[in-house]
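File shown: data-v3.cif. Contents: mmCIF, C-alpha atoms.
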data_protein
#
loop_
_atom_site.label_atom_id
_atom_site.label_comp_id
_atom_site.auth_asym_id
_atom_site.auth_seq_id
_atom_site.Cartn_x
_atom_site.Cartn_y
_atom_site.Cartn_z
CA MET A 1 -9.67 -10.71 -9.07
CA LEU A 2 -7.52 -11.57 -6.06
CA LYS A 3 -8.76 -14.68 -4.30
CA ILE A 4 -7.27 -15.83 -1.02
CA THR A 5 -8.41 -19.13 0.47
CA GLY A 6 -7.47 -20.55 3.88
CA LEU A 7 -4.27 -18.52 4.04
CA THR A 8 -2.08 -19.13 7.08
CA LYS A 9 1.38 -17.77 7.88
CA LYS A 10 3.15 -19.13 10.95
CA PHE A 11 6.31 -18.02 12.73
CA GLY A 12 7.08 -20.96 14.94
CA ASP A 13 3.94 -21.57 16.98
CA LEU A 14 2.59 -18.06 16.28
CA LYS A 15 -0.05 -17.72 13.58
CA ALA A 16 0.47 -14.19 12.24
CA VAL A 17 -2.21 -14.84 9.60
CA ASP A 18 -4.74 -17.47 10.59
CA ASN A 19 -6.83 -19.25 7.93
CA VAL A 20 -8.16 -16.13 6.17
CA SER A 21 -10.21 -16.13 2.97
CA ILE A 22 -11.31 -13.20 0.84
CA GLU A 23 -12.16 -12.21 -2.74
CA ILE A 24 -11.19 -8.76 -4.01
CA PRO A 25 -12.53 -7.68 -7.43
CA GLN A 26 -10.24 -5.75 -9.72
CA GLY A 27 -10.27 -1.99 -9.11
CA GLN A 28 -11.32 -1.86 -5.45
CA MET A 29 -9.58 0.36 -2.89
CA ILE A 30 -9.41 -1.44 0.43
CA GLY A 31 -8.21 -0.32 3.84
CA ILE A 32 -7.08 -2.82 6.46
CA ILE A 33 -7.28 -1.72 10.08
CA GLY A 34 -6.35 -3.32 13.38
CA ARG A 35 -3.92 -2.88 16.20
CA SER A 36 -0.17 -3.46 15.86
CA GLY A 37 0.59 -7.17 15.59
CA ALA A 38 -2.80 -8.05 14.10
CA GLY A 39 -1.14 -9.55 11.01
CA LYS A 40 -1.75 -6.71 8.54
CA SER A 41 1.84 -6.36 7.31
CA THR A 42 2.38 -10.12 7.20
CA LEU A 43 -0.71 -10.47 5.02
CA LEU A 44 0.56 -7.97 2.45
CA ARG A 45 4.06 -9.46 2.43
CA THR A 46 2.57 -12.90 1.84
CA ILE A 47 0.49 -11.64 -1.09
CA ASN A 48 3.60 -10.03 -2.59
CA ARG A 49 5.61 -13.21 -1.83
CA LEU A 50 8.17 -11.35 0.26
CA GLY A 51 7.32 -14.17 2.64
CA ASP A 52 5.91 -17.59 1.84
CA ALA A 53 2.57 -18.77 3.19
CA THR A 54 2.54 -21.75 5.51
CA SER A 55 -0.67 -23.02 3.93
CA GLY A 56 -3.59 -21.87 1.82
CA THR A 57 -3.80 -20.41 -1.68
CA ILE A 58 -3.46 -16.99 -3.31
CA GLN A 59 -4.82 -16.71 -6.84
CA PHE A 60 -4.87 -13.75 -9.18
CA GLY A 61 -6.63 -13.30 -12.51
CA GLU A 62 -7.69 -10.22 -14.43
CA GLY A 63 -10.18 -9.22 -17.07
CA ASP A 64 -11.91 -11.78 -19.25
CA THR A 65 -8.81 -13.80 -20.01
CA ASN A 66 -9.70 -16.52 -17.50
CA THR A 67 -5.99 -16.75 -16.76
CA THR A 68 -5.48 -17.40 -13.06
CA ILE A 69 -2.05 -17.38 -11.43
CA ASP A 70 -1.30 -19.55 -8.41
CA ILE A 71 0.89 -17.06 -6.54
CA ASN A 72 2.25 -19.53 -3.99
CA ALA A 73 3.53 -21.81 -6.75
CA LEU A 74 5.57 -19.15 -8.57
CA LYS A 75 9.34 -19.54 -8.80
CA GLY A 76 12.26 -17.92 -10.60
CA ARG A 77 11.37 -15.49 -13.38
CA ALA A 78 7.62 -15.97 -12.87
CA LEU A 79 7.99 -14.93 -9.23
CA ARG A 80 10.03 -11.86 -10.19
CA GLU A 81 7.34 -10.89 -12.70
CA TRP A 82 4.66 -11.21 -10.02
CA ARG A 83 6.59 -8.96 -7.65
CA ALA A 84 6.81 -6.43 -10.46
CA HIS A 85 3.06 -6.55 -11.10
CA CYS A 86 2.24 -6.61 -7.37
CA ALA A 87 3.95 -3.39 -6.31
CA MET A 88 4.67 -2.68 -2.65
CA ILE A 89 4.87 0.70 -0.92
CA PHE A 90 6.48 0.74 2.51
CA GLN A 91 6.17 2.96 5.58
CA GLN A 92 9.83 3.98 5.41
CA PHE A 93 9.88 4.61 1.63
CA ASN A 94 12.85 2.24 0.91
CA LEU A 95 14.60 4.70 -1.38
CA VAL A 96 18.38 4.82 -1.95
CA PRO A 97 19.26 8.13 -0.25
CA ARG A 98 22.38 8.98 -2.30
CA LEU A 99 20.73 8.37 -5.67
CA ASP A 100 18.72 11.02 -7.48
CA VAL A 101 14.95 10.81 -7.63
CA ILE A 102 14.60 9.60 -11.21
CA THR A 103 17.09 6.76 -10.66
CA ASN A 104 15.18 5.67 -7.57
CA VAL A 105 12.01 5.59 -9.66
CA LEU A 106 13.70 3.63 -12.43
CA MET A 107 14.69 0.97 -9.89
CA GLY A 108 11.09 -0.12 -10.31
CA ARG A 109 12.14 -1.53 -13.70
CA ILE A 110 14.43 -4.17 -12.16
CA GLY A 111 11.76 -6.81 -12.71
CA TYR A 112 11.92 -6.10 -16.45
CA ASN A 113 15.62 -5.38 -16.99
CA GLY A 114 17.48 -7.25 -14.26
CA THR A 115 19.57 -6.00 -11.36
CA MET A 116 22.78 -5.31 -13.31
CA THR A 117 21.03 -3.04 -15.80
CA ALA A 118 19.60 -1.04 -12.92
CA LEU A 119 22.92 -0.83 -11.05
CA LEU A 120 24.67 0.44 -14.20
CA LYS A 121 21.74 2.82 -14.90
CA LEU A 122 21.34 1.42 -18.43
CA PHE A 123 17.77 2.62 -18.83
CA SER A 124 16.28 3.39 -22.21
CA PRO A 125 15.04 6.87 -23.17
CA ALA A 126 11.50 5.45 -23.21
CA GLU A 127 11.90 4.22 -19.63
CA ARG A 128 13.26 7.59 -18.51
CA ALA A 129 10.28 9.32 -20.12
CA PHE A 130 7.99 6.83 -18.39
CA ALA A 131 9.59 7.67 -15.04
CA ILE A 132 9.25 11.42 -15.58
CA ASN A 133 5.59 10.94 -16.47
CA ALA A 134 5.04 8.99 -13.24
CA LEU A 135 6.73 11.75 -11.23
CA ASP A 136 4.67 14.36 -13.04
CA ARG A 137 1.44 12.57 -12.08
CA LEU A 138 2.53 12.93 -8.47
CA ASP A 139 3.54 16.61 -8.88
CA ILE A 140 7.17 15.92 -8.07
CA SER A 141 8.90 15.93 -11.48
CA PRO A 142 10.78 19.20 -10.72
CA GLN A 143 12.76 17.25 -8.11
CA ALA A 144 13.77 14.49 -10.57
CA LEU A 145 17.51 15.25 -10.37
CA GLN A 146 17.68 15.89 -6.62
CA ARG A 147 19.15 13.32 -4.26
CA ALA A 148 16.40 11.40 -2.52
CA ASP A 149 17.70 12.31 0.93
CA THR A 150 17.12 16.03 0.25
CA LEU A 151 13.34 15.53 0.02
CA SER A 152 10.73 15.75 2.75
CA GLY A 153 9.03 12.59 3.98
CA GLY A 154 5.92 13.29 1.94
CA GLN A 155 7.97 13.88 -1.20
CA GLN A 156 9.92 10.67 -0.65
CA GLN A 157 6.71 8.68 -0.33
CA ARG A 158 5.46 10.15 -3.61
CA VAL A 159 8.73 9.07 -5.22
CA ALA A 160 8.11 5.58 -3.83
CA ILE A 161 4.64 5.59 -5.40
CA ALA A 162 6.13 6.72 -8.73
CA ARG A 163 8.59 3.81 -8.49
CA ALA A 164 5.63 1.48 -7.98
CA LEU A 165 3.86 2.97 -11.03
CA VAL A 166 6.76 2.25 -13.39
CA GLN A 167 6.45 -1.40 -12.37
CA GLU A 168 3.17 -1.30 -14.35
CA PRO A 169 1.35 -2.95 -11.44
CA LYS A 170 -1.94 -4.79 -11.52
CA LEU A 171 -2.11 -4.71 -7.73
CA LEU A 172 -0.74 -2.04 -5.39
CA LEU A 173 -0.04 -2.88 -1.75
CA ALA A 174 0.70 -0.09 0.73
CA ASP A 175 1.96 -0.95 4.21
CA GLU A 176 1.19 1.99 6.54
CA PRO A 177 2.09 4.49 3.78
CA ILE A 178 1.27 7.61 5.82
CA SER A 179 2.02 6.67 9.42
CA SER A 180 5.29 8.65 9.47
CA LEU A 181 3.86 11.71 7.69
CA ASP A 182 2.31 14.95 8.93
CA PRO A 183 -1.42 15.49 8.21
CA ARG A 184 -0.95 17.58 5.06
CA ASN A 185 1.50 15.14 3.44
CA ALA A 186 -0.64 12.21 4.54
CA SER A 187 -3.56 13.72 2.66
CA ILE A 188 -1.44 14.32 -0.46
CA VAL A 189 -0.21 10.72 -0.48
CA MET A 190 -3.68 9.24 0.05
CA ASP A 191 -5.09 11.52 -2.66
CA ALA A 192 -2.43 10.15 -5.01
CA LEU A 193 -3.26 6.52 -4.22
CA GLN A 194 -6.97 7.18 -4.70
CA LYS A 195 -6.32 8.92 -8.03
CA ILE A 196 -4.26 5.96 -9.27
CA ASN A 197 -7.01 3.58 -8.17
CA ARG A 198 -9.73 5.52 -9.98
CA GLU A 199 -7.87 6.54 -13.14
CA ASP A 200 -5.89 3.35 -13.76
CA GLY A 201 -8.30 0.82 -12.29
CA ILE A 202 -5.49 -0.64 -10.17
CA THR A 203 -6.55 -2.51 -7.07
CA VAL A 204 -5.14 -0.80 -3.95
CA ILE A 205 -4.88 -2.56 -0.59
CA SER A 206 -3.53 -0.38 2.19
CA ASN A 207 -2.83 -0.99 5.87
CA LEU A 208 -3.95 2.12 7.73
CA HIS A 209 -3.55 3.19 11.34
CA THR A 210 -6.46 5.64 11.58
CA LEU A 211 -10.11 5.02 10.94
CA ASP A 212 -10.85 8.43 9.45
CA THR A 213 -8.32 7.79 6.68
CA ALA A 214 -9.85 4.41 5.87
CA LYS A 215 -13.37 5.85 5.83
CA THR A 216 -12.37 8.84 3.69
CA TYR A 217 -10.54 6.92 0.98
CA CYS A 218 -11.60 3.27 0.98
CA GLU A 219 -14.81 1.73 -0.34
CA ARG A 220 -14.22 -1.42 1.69
CA ILE A 221 -12.63 -1.92 5.09
CA ILE A 222 -11.22 -5.10 6.57
CA GLY A 223 -10.71 -5.38 10.32
CA MET A 224 -7.98 -7.77 11.48
CA LYS A 225 -7.51 -9.17 14.96
CA GLN A 226 -4.94 -11.78 15.92
CA GLY A 227 -4.42 -12.84 12.33
CA THR A 228 -8.07 -13.23 11.38
CA PHE A 229 -10.68 -11.09 9.62
CA ILE A 230 -13.46 -10.05 11.97
CA PHE A 231 -14.97 -7.33 9.76
CA ASP A 232 -15.27 -6.97 5.99
CA GLY A 233 -17.64 -4.38 4.59
CA PRO A 234 -18.33 -0.75 3.69
CA PRO A 235 -17.23 2.02 6.10
CA LYS A 236 -20.83 2.84 7.04
CA ASP A 237 -21.25 -0.59 8.65
CA LEU A 238 -18.28 -0.18 10.97
CA THR A 239 -19.85 0.59 14.36
CA LEU A 240 -18.09 1.58 17.57
CA ASN A 241 -18.79 -1.83 19.07
CA LEU A 242 -17.19 -3.53 16.06
CA LEU A 243 -14.19 -1.24 16.38
CA ARG A 244 -13.82 -2.16 20.04
CA ASP A 245 -13.88 -5.80 19.02
CA ILE A 246 -11.25 -5.26 16.31
CA TYR A 247 -8.92 -3.52 18.76
CA GLY A 248 -9.82 -5.75 21.70
CA VAL A 249 -10.87 -2.89 23.94
CA GLY A 250 -13.69 -3.06 26.49
CA GLU A 251 -16.40 -0.39 26.73
CA ASP A 252 -14.91 1.32 29.80
CA GLU A 253 -11.30 0.50 29.01
CA GLU A 254 -8.78 3.14 27.96
CA ASP A 255 -6.31 2.21 25.24
CA GLU A 256 -3.95 4.65 23.51
CA GLU A 257 -3.77 2.82 20.17
CA PHE A 258 -7.55 2.48 19.98
CA SER A 259 -8.07 6.14 20.93
CA THR A 260 -5.62 7.27 18.25
CA ALA A 261 -7.28 5.11 15.63
CA ILE A 262 -10.82 6.37 16.21
CA THR A 263 -10.21 10.01 17.17
CA SER A 264 -7.58 11.03 14.64
CA THR A 265 -8.59 14.02 12.54
CA SER A 266 -5.56 13.95 10.28
CA ILE A 267 -7.45 13.96 6.99
CA GLU A 268 -9.92 16.61 8.11
CA MET A 269 -7.01 18.76 9.32
CA ALA A 270 -5.22 18.35 6.02
CA THR A 271 -8.36 19.24 4.05
CA ASP A 272 -8.83 22.38 6.11
CA GLU A 273 -5.21 23.35 5.56
CA LYS A 274 -5.42 22.88 1.79
CA GLU A 275 -8.51 25.04 1.62
CA SER A 276 -7.18 27.83 3.85
CA PRO A 277 -5.55 30.95 2.31
CA GLU A 278 -2.35 30.19 4.21
CA ALA A 279 -2.13 26.73 2.63
CA VAL A 280 -2.86 28.05 -0.86
CA ASN A 281 0.00 30.55 -0.54
CA GLN A 282 2.54 27.98 0.65
#

What's the structure tokens form of this structure?
Amino acid sequence: MLKITGLTKKFGDLKAVDNVSIEIPQGQMIGIIGRSGAGKSTLLRTINRLGDATSGTIQFGEGDTNTTIDINALKGRALREWRAHCAMIFQQFNLVPRLDVITNVLMGRIGYNGTMTALLKLFSPAERAFAINALDRLDISPQALQRADTLSGGQQQRVAIARALVQEPKLLLADEPISSLDPRNASIVMDALQKINREDGITVISNLHTLDTAKTYCERIIGMKQGTFIFDGPPKDLTLNLLRDIYGVGEDEEDEEFSTAITSTSIEMATDEKESPEAVNQ
């Protein structure tokens, strides 16, 4: 269970996240929507502790152990362990271009082995096997020895997901993981995240820029506006009027970001492509 209470993150006088509270049971797949600057990325970075909250609490506990971690209070090794168990996937992949794929994946073990072990590539055979298994789950193990910069964007994002998997995460945060991908690769990446969520029971929280993606893959959607939550519920409850409120767009007002969010057919296009004879033969 992830429990956030009264969380606020300020940059000067700006409240990027403004007194938000939410409870997320283990194993949910959640999509966060809202226009650019709504606070979506700041929220994820605060959960991961890439940035510290100004006020409020973030607590995490799992299973029946009744062990709850106060995330904001973590320091030193305990903080490094949390960042390992709270894996982050970024829009721009954050791979090391000149390194091969498997080494990039094994960088996810830094939280367990330390930076020097990773820099010297002193990984155990068991860890290398673990990395290959993660790549295999994402159908990219044949590229294990290729340099990361020789891969397509979709392949690089799958490598980034494999890197997150070897962190043995309890929580997986994805910040706009498909916004730079074409429809077919976007579908492949979202399929992979959904499969991990369902098979491993890992909670997935993803910032998404199109509504159709959120509705297709997420059981729960959160709408953010100016740092606050103004919608939290199943996709079926998200009406056009609520969407206009989330994006701050009037009924007769034209807005490019809003139009893109609600009219995108990226997932449908990708599904059609995968099912077509041309796609099967590619």

Q: Given the file shown, determine the residues that the PyMOL selection byres ((chain A and resi 32) around 10) selects; report them as a ChimeraX atom specification.
A: /A:30-31,33-34,40-41,175-176,205-211,214,218,220-224,229,231-232

Q) So, counting only C-alpha atoms, which residue among A:Thr103, A:Lys75, A:Ser152, A:Glu254 is closest to Arg128 of chain A? A)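 Of A:Thr103, A:Lys75, A:Ser152, A:Glu254, the one nearest Arg128 of chain A is A:Thr103, counting only C-alpha atoms.
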
Do you know which residues are at most 12 Å from segment 117-126 of chain A counting all atoms listed in the file, after dropping those on the same chain fewer than 2 positions away, and could you put them as an mmCIF file with C-alpha atoms, keeping the file's coordinate frame?
data_model
loop_
_atom_site.group_PDB
_atom_site.id
_atom_site.type_symbol
_atom_site.label_atom_id
_atom_site.label_comp_id
_atom_site.auth_asym_id
_atom_site.auth_seq_id
_atom_site.Cartn_x
_atom_site.Cartn_y
_atom_site.Cartn_z
ATOM 1 C CA VAL A 96 18.380 4.820 -1.950
ATOM 2 C CA LEU A 99 20.730 8.370 -5.670
ATOM 3 C CA ASP A 100 18.720 11.020 -7.480
ATOM 4 C CA ILE A 102 14.600 9.600 -11.210
ATOM 5 C CA THR A 103 17.090 6.760 -10.660
ATOM 6 C CA ASN A 104 15.180 5.670 -7.570
ATOM 7 C CA VAL A 105 12.010 5.590 -9.660
ATOM 8 C CA LEU A 106 13.700 3.630 -12.430
ATOM 9 C CA MET A 107 14.690 0.970 -9.890
ATOM 10 C CA GLY A 108 11.090 -0.120 -10.310
ATOM 11 C CA ARG A 109 12.140 -1.530 -13.700
ATOM 12 C CA ILE A 110 14.430 -4.170 -12.160
ATOM 13 C CA GLY A 111 11.760 -6.810 -12.710
ATOM 14 C CA TYR A 112 11.920 -6.100 -16.450
ATOM 15 C CA ASN A 113 15.620 -5.380 -16.990
ATOM 16 C CA GLY A 114 17.480 -7.250 -14.260
ATOM 17 C CA THR A 115 19.570 -6.000 -11.360
ATOM 18 C CA ARG A 128 13.260 7.590 -18.510
ATOM 19 C CA ALA A 129 10.280 9.320 -20.120
ATOM 20 C CA PHE A 130 7.990 6.830 -18.390
ATOM 21 C CA ALA A 131 9.590 7.670 -15.040
ATOM 22 C CA ILE A 132 9.250 11.420 -15.580
ATOM 23 C CA ASN A 133 5.590 10.940 -16.470
ATOM 24 C CA VAL A 166 6.760 2.250 -13.390
#

Q: For segment 16-29 of chain A, list every protein, DNA or RNA residue within 8 Å, evaluated using only C-alpha atoms, and leave out those in the same chain fewer than 5 positions away; present the list as a PyMOL selection string.
A: chain A and resi 1-11+37-39+42-43+56+62+194+197-198+201-206+217-220+226-229

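When atom CA of Phe60 of chain A is paired with atom CA of Ile161 of chain A, their separation reads 21.9 Å.
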
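Distances here use only C-alpha atoms; by that measure, the residue among A:Ala87, A:Ile58, A:Asp237, A:Gln146 closest to Ala73 of chain A is A:Ile58.
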
(Q) Can you tell me which residues surround Gly248 of chain A at a distance of at most 10 Å, considering all atoms listed in the file, apart from same-chain residues fewer than 4 positions away, and format the answer as a PyMOL selection string? (A) chain A and resi 34-35+225-226+242-244+253+255+258

Q: Find the residue from A:Asp149, A:Asp13, A:Glu257, A:Asp191 that sits nearest to Asn94 of chain A; use only C-alpha atoms when measuring.
A: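 Of A:Asp149, A:Asp13, A:Glu257, A:Asp191, the one nearest Asn94 of chain A is A:Asp149, counting only C-alpha atoms.
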
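From atom CA of Ile262 of chain A back to atom CA of Asp212 of chain A, the distance works out to 7.1 Å.
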
Q: Please identify all polymer residues within 9 Å of Met190 of chain A, counting all atoms listed in the file, omitting same-chain residues fewer than 5 positions from it, and present them as an MDAnalysis selection string.
A: chainID A and resid 177:178 185 195 213 217
